[in-house]
Amino acid sequence: EYMGEGRVSNMEFDQNLYSRQVGSLGVEAMGKLIKLRVFLHGLRGLGVEAAKNLILAGPKSVTLHDDELVTASDLSSNFYVTEADIGSRSRAAASVTQLKELNPYVHVDVATGEITTDLLKNFDVVVFTDNYNIAKLQEFNQFCRTQEKAIGFVLAGILGLYGFTFVDYGPGHTIFDATGEELKNSIVSSISNDEAGIVVVHGDKRHNFVEGDYVTFREVQGMTEINDKVMKVTKFISPFSFAVEDTRSFGAYTREGIVEQVKVPYQLPFNSLEHSLTRPYTKGKGEGLDTPDLEKWGRSDLLHVVYAGLVEFVRDHGRLPRLLNNEDADDLVARVKAVNDRNKSGNMEIEDVIRLDEIDEAVIRKIALYAQTQLTPHASFWGGIVAQEVVKFIGKFTPLRQWLHYDTLELLPEQQAVASAGDIPASRYHDLVAIFGPDFQQRLASQKVFLVGAGALGCEFIKMFALLGLATTENGRLIVTDDDNIEISNLNRQFLFRKENVGHSKAAVACSVGSRMNPQLRADALKTRVSPETEETFNDDFWESLSFVVNAVDNVQARLHVDARCVFYHKHLFESGTLGTKCNSQVVIPKETQSYGDSQDPPEESIPLCTLKNFPYQIEHTIQWARDYFEGIFGEGPNESNKFIANPQAYLTKLKKELRDKPAMVRARLDLILKLVTHFEVPSIENCIELARLVFQDIFGDQIASLLHNFPPDYRTESGAPFWSGPKRQPEAIEFNPEDPVHVDFIWSTANILAYAFRLPKLDDRERIKAVAAKVKVTPFQPKKVKISTDPNDRNEDAGGDEDEREIQILEQNLLSKKVDPSRSMNTFEFEKDDDSNYHIDFITACANLRARNYKIAEAPRLKVKLIAGKIIPALATTTAMVVGAVGFEILKLIGGKAHTVYRNSFMNLALPLWLFTEPLPPIQTKDKDYDPILMGPVKAIPPKWTTWDRILVKGPLTLQQLFDHFQNEYKVSISIVSCGRNLIFNRFSKDLSTAERVNTLVERLIENSTQKEIPKYKKYLEFEVSGDDVDGNECLLPSVKYLIVR
């Protein structure tokens, strides 16, 4: 039975498979999700998309229901049915086998026959897609919401280019986390004793609390009554202060304290389907229905009334309006007007009823004419939304309240593309042709598209392209590149892959599966990273041959490079990205919009070095420290040791020369090598355990003791304030305890990683490890005065001196006395987060938590450590499917030749939920300036108002002088500097770079000479920068030069 709110399942789940999802949902929510039982009716495109996303998410079970036989039009949006299934198998039977393969932890089965309440009572959430029998739906909804524990009810449908979703989780649904955002915390500087207690936080960072948040306090001195008390933030005062409830009865604040946000569960009421059909507005939500595109203000209200009229149409006719049937369209228009008239004639004191002053008949007719069709982008978009709404039943995130209506009718051609339904041949492209016509489908089929990335986004795009029939003729081609191989953690959202594909090329497997979905798909898979280093593969001819480009990568550098290429070659780029429940998409249209590179996200906040090394106050600090320590001892250590073993004297000489100004770094490096080489001389598992114990003593004992020796507990700053206050937490050294599981975890993981480095078998006998570690003798701590930086802006890791020089000499002597066979070497390796057999995450977890104990910081579970140390980006299949659907809308606009004003960028957050579609911004213009603060004078933009899309086109071969003449004649600009990348080709102010010989040399030769590389034969263009002055002596800002090489 499904667990009640607030309880966490004891059932284990596969942390590798679900790691990216847990990064968004959290462990508690995942524990609830794996108990969830879901019923899903309807397996057209929308239903199969929702089922796919749900099964990937990992509930306990998903039961499918759809007895309708597969039709040719189903192949437009259901990616698991085939031509062989048409007329012979039900949609559910045809889809279930491949849906089962998505996740072995989810029980997937099929229910057949009539849906009854006796069937529905066995589930926690029921989903109805593409069902318009309003009487039955209202009956089922009423049954679900009146159970002792309400059964979640989700209704959704797609009617051509219009879709909707409705959610009802009963009269009192409990939410324990409305947003999914990380909990905020701050260090307290003061708390007043007032009716509204004023909390001031430390100035190192803003508190980010808002009115209505709940917070709790700990470690507060003086006002101890406030510790562990949950209080409401009653007022935001400033970025560094806020008010809470009454603190007058508490003692006076003296010092210290941490304030942390807490998420307090609350109940949210839902209305029934019957109520919401006529009164759709939800109290407490704000005004009206969600309007994803503000330029369609009021459209959601109209669409809701259209839905109300449509279910009456289905009630009376027993079917949807017929395809391209004007009689049925007229009927629906009349019904929608009648619904609106009833609403307007009803009790005007009821405010949550939609009463439209005007009815846009064209919208109603377009919905009616295409109501029987479904396209894969729309199925992807709505399937992501529906699946996430189901997951929200566990109490994580805010459910839809309660309707979402959205249409993309602007995709339709100006004139109806097909006269009647009888003119459409039965094929997998039936619905596409019905909406856009056969010429549109042929244009899609002949596109040459470059998809960069075959991960989560890439898999969704390949599926969408296959179903749309993109690149399915001799002239068409889909080129997919991804240099990664498939990993276990990919299987949770990269749905084209299966366990047997692990280790294989993502692009190759994805293209193969896409071709099975549509055998006509012409897809080429590459395993080449798109970068400046691979321009021989992705050369000028390649880029110029493309119809458009789709970015599906997860790193900024790759996105910027692809964006720059699209700008250079004037190619449409469709850009998208996800982060947990959040996603965005951007359309890059040549000459009309900003490019991806025109705007940048702010850089991530970095942790100050002194905080990491000596003054951590958050678990994130100790995890990063442990990650860095791993790289030092296990990444750098074996590598450097091998170099030393191969040639000891040469290594020492080179090291001291390279780091001659950083003696502390030399000392630390040699100390590490000495420890490793000493224990590697005669390697044994006992040696590994001994070294692990010595490392424990060093980092959790001696280093902390040294810090306290230099800054004793009563140490005060120059101003007389306590040194150990605010963000500086006074640490305590840890004594090794073989009975402490975390202590043993550290020794166990460290010893086993060392065993791998020393080419020894692993040891998992913890009792033996405890026994050996307990007997290791450690040298008592000897206090020394060392220089320790307390400046958060200090980036210098070295703080060496004469003491280091003396220690270096001793270390050198000890190292040179070691006798290790030069033919021997240690195993080297890199950090790998997703392999549980390598002990890497185990080490970082134990190391981070022991350092947290040093500083009295709350410890973290292994999974949280893995997410932070592995820099794992939270990811959900639902968000991915939705944003790819949104990009699909824009691709259809391109194929349809729509104006740039019709395109939309998107920002969406399924947790809140929020959908926002906006017109892309125009490109940034470079304009004249009366005064430029850098050049300290006026500057001219030549040509006027040029943008990042502009290039000055020049046809070679030209000497520099001929190039100068071209600029003088065409733009009245006198060139002063020419540069190509980092190479300066010409400088009027340099004798060496402005000689007559240089000026009369071909541009191509000068670039070859400066780069010391011959221009490759595959290159058609050179790109370089120029600057100069106009006739008035003003500095000129010019676009890059695009120089055509003529051979």
# chains A, B, ... in the order shown; residues from 1 in each chain; ligands from 1
>>> residues_around(residues="Val96 (chain A)", least_positions_apart="4", cutoff="8 Å", atoms="only C-alpha atoms", output="PyMOL selection string")
chain A and resi 64+92+100+108-110
>>> residues_around(residues="Leu323 (chain A)", least_positions_apart="6", cutoff="8 Å", atoms="only C-alpha atoms", output="VMD selection string")
chain A and resid 368 to 373 420 to 421
>>> residues_around(residues="Leu320 (chain A)", least_positions_apart="6", cutoff="12 Å", atoms="only C-alpha atoms", output="list of chain:residue names")
A:Asp130, A:Asn131, A:Tyr132, A:Asn133, A:Gly157, A:Ile158, A:Leu159, A:Gly160, A:Tyr307, A:Gly309, A:Leu310, A:Val311, A:Glu312, A:Phe313, A:Val314, A:Asp328, A:Ala329, A:Asp331, A:Leu332, A:Ile367, A:Ala368, A:Leu369, A:Tyr370, A:Ala371, A:Gln372, A:Thr373
>>> residues_around(residues="Thr129 (chain A)", least_positions_apart="2", cutoff="12 Å", atoms="only C-alpha atoms", output="JSON, numbers by chain")
{"A": [39, 40, 41, 42, 43, 44, 45, 46, 47, 48, 49, 50, 51, 64, 65, 66, 126, 127, 131, 132, 133, 137, 153, 154, 155, 156, 157, 158, 159, 163, 164, 165, 166, 379, 382, 383, 386, 387]}
>>> select_by_dssp(residues="region 665-858 of chain A", states="helix (DSSP H, G or I)", output="ChimeraX atom specification")
/A:665-681,685-710,741-757,766-775,802-816,836-838,840-854
>>> residues_around(residues="Ala646 (chain A)", least_positions_apart="5", cutoff="12 Å", atoms="only C-alpha atoms", output="list of chain:residue names")
A:Asn639, A:Glu640, A:Ser641, A:Tyr651, A:Leu652, A:Val677, A:Lys819, A:Val820, A:Asp821, A:Pro822, A:Ser823, A:Arg824, A:Ser825, A:Met826
>>> residues_around(residues="Gly635 (chain A)", least_positions_apart="5", cutoff="8 Å", atoms="only C-alpha atoms", output="tab-separated table (two decimals) with N, CA, C and O atoms, in the first residue's frame")
chain	number	residue	atom	x	y	z
A	630	PHE	N	41.64	14.07	-2.47
A	630	PHE	CA	41.68	12.85	-3.29
A	630	PHE	C	42.57	13.06	-4.51
A	630	PHE	O	43.41	12.21	-4.84
A	828	THR	N	47.97	4.26	-12.02
A	828	THR	CA	47.42	5.62	-11.96
A	828	THR	C	45.95	5.56	-12.38
A	828	THR	O	45.54	4.66	-13.12
A	829	PHE	N	45.17	6.53	-11.93
A	829	PHE	CA	43.73	6.51	-12.23
A	829	PHE	C	43.17	7.89	-12.01
A	829	PHE	O	43.81	8.76	-11.40
A	830	GLU	N	41.97	8.10	-12.53
A	830	GLU	CA	41.25	9.34	-12.33
A	830	GLU	C	39.99	9.09	-11.49
A	830	GLU	O	39.48	7.97	-11.45
A	831	PHE	N	39.52	10.13	-10.85
A	831	PHE	CA	38.30	10.04	-10.04
A	831	PHE	C	37.14	9.60	-10.91
A	831	PHE	O	36.89	10.13	-11.99
>>> residues_around(residues="Arg982 (chain A)", least_positions_apart="6", cutoff="12 Å", atoms="only C-alpha atoms", output="VMD selection string")
chain A and resid 1007 1010 to 1011 1024 to 1025
>>> atom_distance(atom1="CA of Thr959 (chain A)", atom2="CA of Asn539 (chain A)")
24.8 Å
>>> atom_distance(atom1="CA of Ala881 (chain A)", atom2="CA of Gln586 (chain A)")
15.7 Å
>>> select_by_dssp(residues="region 379-554 of chain A", states="strand (DSSP E)", output="PyMOL selection string")
chain A and resi 403-407+448-452+477-481+523-526+548-551
>>> atom_distance(atom1="CA of Glu260 (chain A)", atom2="CA of Val188 (chain A)")
10.0 Å
>>> closest_residue(among="A:Gly580, A:Leu573, A:Asp836, A:Ile873", to="Asn555 (chain A)", atoms="only C-alpha atoms")
A:Ile873
>>> closest_residue(among="A:Tyr629, A:Trp949, A:Trp915, A:Phe696", to="Ile844 (chain A)", atoms="only C-alpha atoms")
A:Tyr629
>>> closest_residue(among="A:Gly476, A:Pro438, A:Pro663, A:Gly597", to="Glu803 (chain A)", atoms="only C-alpha atoms")
A:Pro663
>>> decode(residues="region 361-413 of chain A", atoms="C-alpha atoms", output="PDB file, in the first residue's frame")
ATOM      1  CA  GLU A 361     -14.212  31.665 -33.856  1.00  0.00           C
ATOM      2  CA  ALA A 362     -11.035  31.056 -35.868  1.00  0.00           C
ATOM      3  CA  VAL A 363      -9.359  29.463 -32.836  1.00  0.00           C
ATOM      4  CA  ILE A 364     -12.320  27.142 -32.261  1.00  0.00           C
ATOM      5  CA  ARG A 365     -12.481  26.119 -35.911  1.00  0.00           C
ATOM      6  CA  LYS A 366      -8.754  25.304 -36.041  1.00  0.00           C
ATOM      7  CA  ILE A 367      -9.057  23.121 -32.949  1.00  0.00           C
ATOM      8  CA  ALA A 368     -12.076  21.331 -34.398  1.00  0.00           C
ATOM      9  CA  LEU A 369     -10.556  20.733 -37.846  1.00  0.00           C
ATOM     10  CA  TYR A 370      -7.445  19.024 -36.424  1.00  0.00           C
ATOM     11  CA  ALA A 371      -8.809  17.601 -33.153  1.00  0.00           C
ATOM     12  CA  GLN A 372      -8.154  14.005 -34.221  1.00  0.00           C
ATOM     13  CA  THR A 373      -4.424  14.548 -34.891  1.00  0.00           C
ATOM     14  CA  GLN A 374      -1.377  14.341 -32.660  1.00  0.00           C
ATOM     15  CA  LEU A 375       2.225  15.301 -33.428  1.00  0.00           C
ATOM     16  CA  THR A 376       5.300  14.087 -31.606  1.00  0.00           C
ATOM     17  CA  PRO A 377       6.554  17.514 -30.385  1.00  0.00           C
ATOM     18  CA  HIS A 378       3.227  18.121 -28.670  1.00  0.00           C
ATOM     19  CA  ALA A 379       3.160  14.616 -27.236  1.00  0.00           C
ATOM     20  CA  SER A 380       6.675  15.140 -25.886  1.00  0.00           C
ATOM     21  CA  PHE A 381       5.773  18.514 -24.345  1.00  0.00           C
ATOM     22  CA  TRP A 382       2.571  17.384 -22.666  1.00  0.00           C
ATOM     23  CA  GLY A 383       3.939  13.939 -21.786  1.00  0.00           C
ATOM     24  CA  GLY A 384       6.666  15.569 -19.709  1.00  0.00           C
ATOM     25  CA  ILE A 385       4.134  17.725 -17.890  1.00  0.00           C
ATOM     26  CA  VAL A 386       1.712  14.866 -17.176  1.00  0.00           C
ATOM     27  CA  ALA A 387       4.403  12.518 -15.841  1.00  0.00           C
ATOM     28  CA  GLN A 388       5.819  15.190 -13.521  1.00  0.00           C
ATOM     29  CA  GLU A 389       2.357  15.982 -12.181  1.00  0.00           C
ATOM     30  CA  VAL A 390       1.970  12.292 -11.297  1.00  0.00           C
ATOM     31  CA  VAL A 391       5.306  12.283  -9.470  1.00  0.00           C
ATOM     32  CA  LYS A 392       4.171  15.325  -7.456  1.00  0.00           C
ATOM     33  CA  PHE A 393       1.569  13.166  -5.717  1.00  0.00           C
ATOM     34  CA  ILE A 394       4.320  12.079  -3.309  1.00  0.00           C
ATOM     35  CA  GLY A 395       4.317  15.626  -1.870  1.00  0.00           C
ATOM     36  CA  LYS A 396       7.389  16.940  -3.670  1.00  0.00           C
ATOM     37  CA  PHE A 397       6.853  20.173  -5.666  1.00  0.00           C
ATOM     38  CA  THR A 398       3.664  22.154  -6.212  1.00  0.00           C
ATOM     39  CA  PRO A 399       0.979  20.471  -8.361  1.00  0.00           C
ATOM     40  CA  LEU A 400      -0.785  22.267 -11.187  1.00  0.00           C
ATOM     41  CA  ARG A 401      -3.706  24.310  -9.808  1.00  0.00           C
ATOM     42  CA  GLN A 402      -5.627  22.862 -11.626  1.00  0.00           C
ATOM     43  CA  TRP A 403      -5.738  23.513 -15.383  1.00  0.00           C
ATOM     44  CA  LEU A 404      -3.125  24.240 -18.011  1.00  0.00           C
ATOM     45  CA  HIS A 405      -4.265  25.058 -21.556  1.00  0.00           C
ATOM     46  CA  TYR A 406      -1.812  25.910 -24.338  1.00  0.00           C
ATOM     47  CA  ASP A 407      -1.915  25.960 -28.119  1.00  0.00           C
ATOM     48  CA  THR A 408       0.536  26.450 -30.973  1.00  0.00           C
ATOM     49  CA  LEU A 409      -1.998  27.318 -33.652  1.00  0.00           C
ATOM     50  CA  GLU A 410       0.493  29.817 -35.073  1.00  0.00           C
ATOM     51  CA  LEU A 411       2.240  26.796 -36.621  1.00  0.00           C
ATOM     52  CA  LEU A 412      -0.609  26.369 -39.113  1.00  0.00           C
ATOM     53  CA  PRO A 413      -0.003  27.471 -42.706  1.00  0.00           C
TER      54      PRO A 413
END
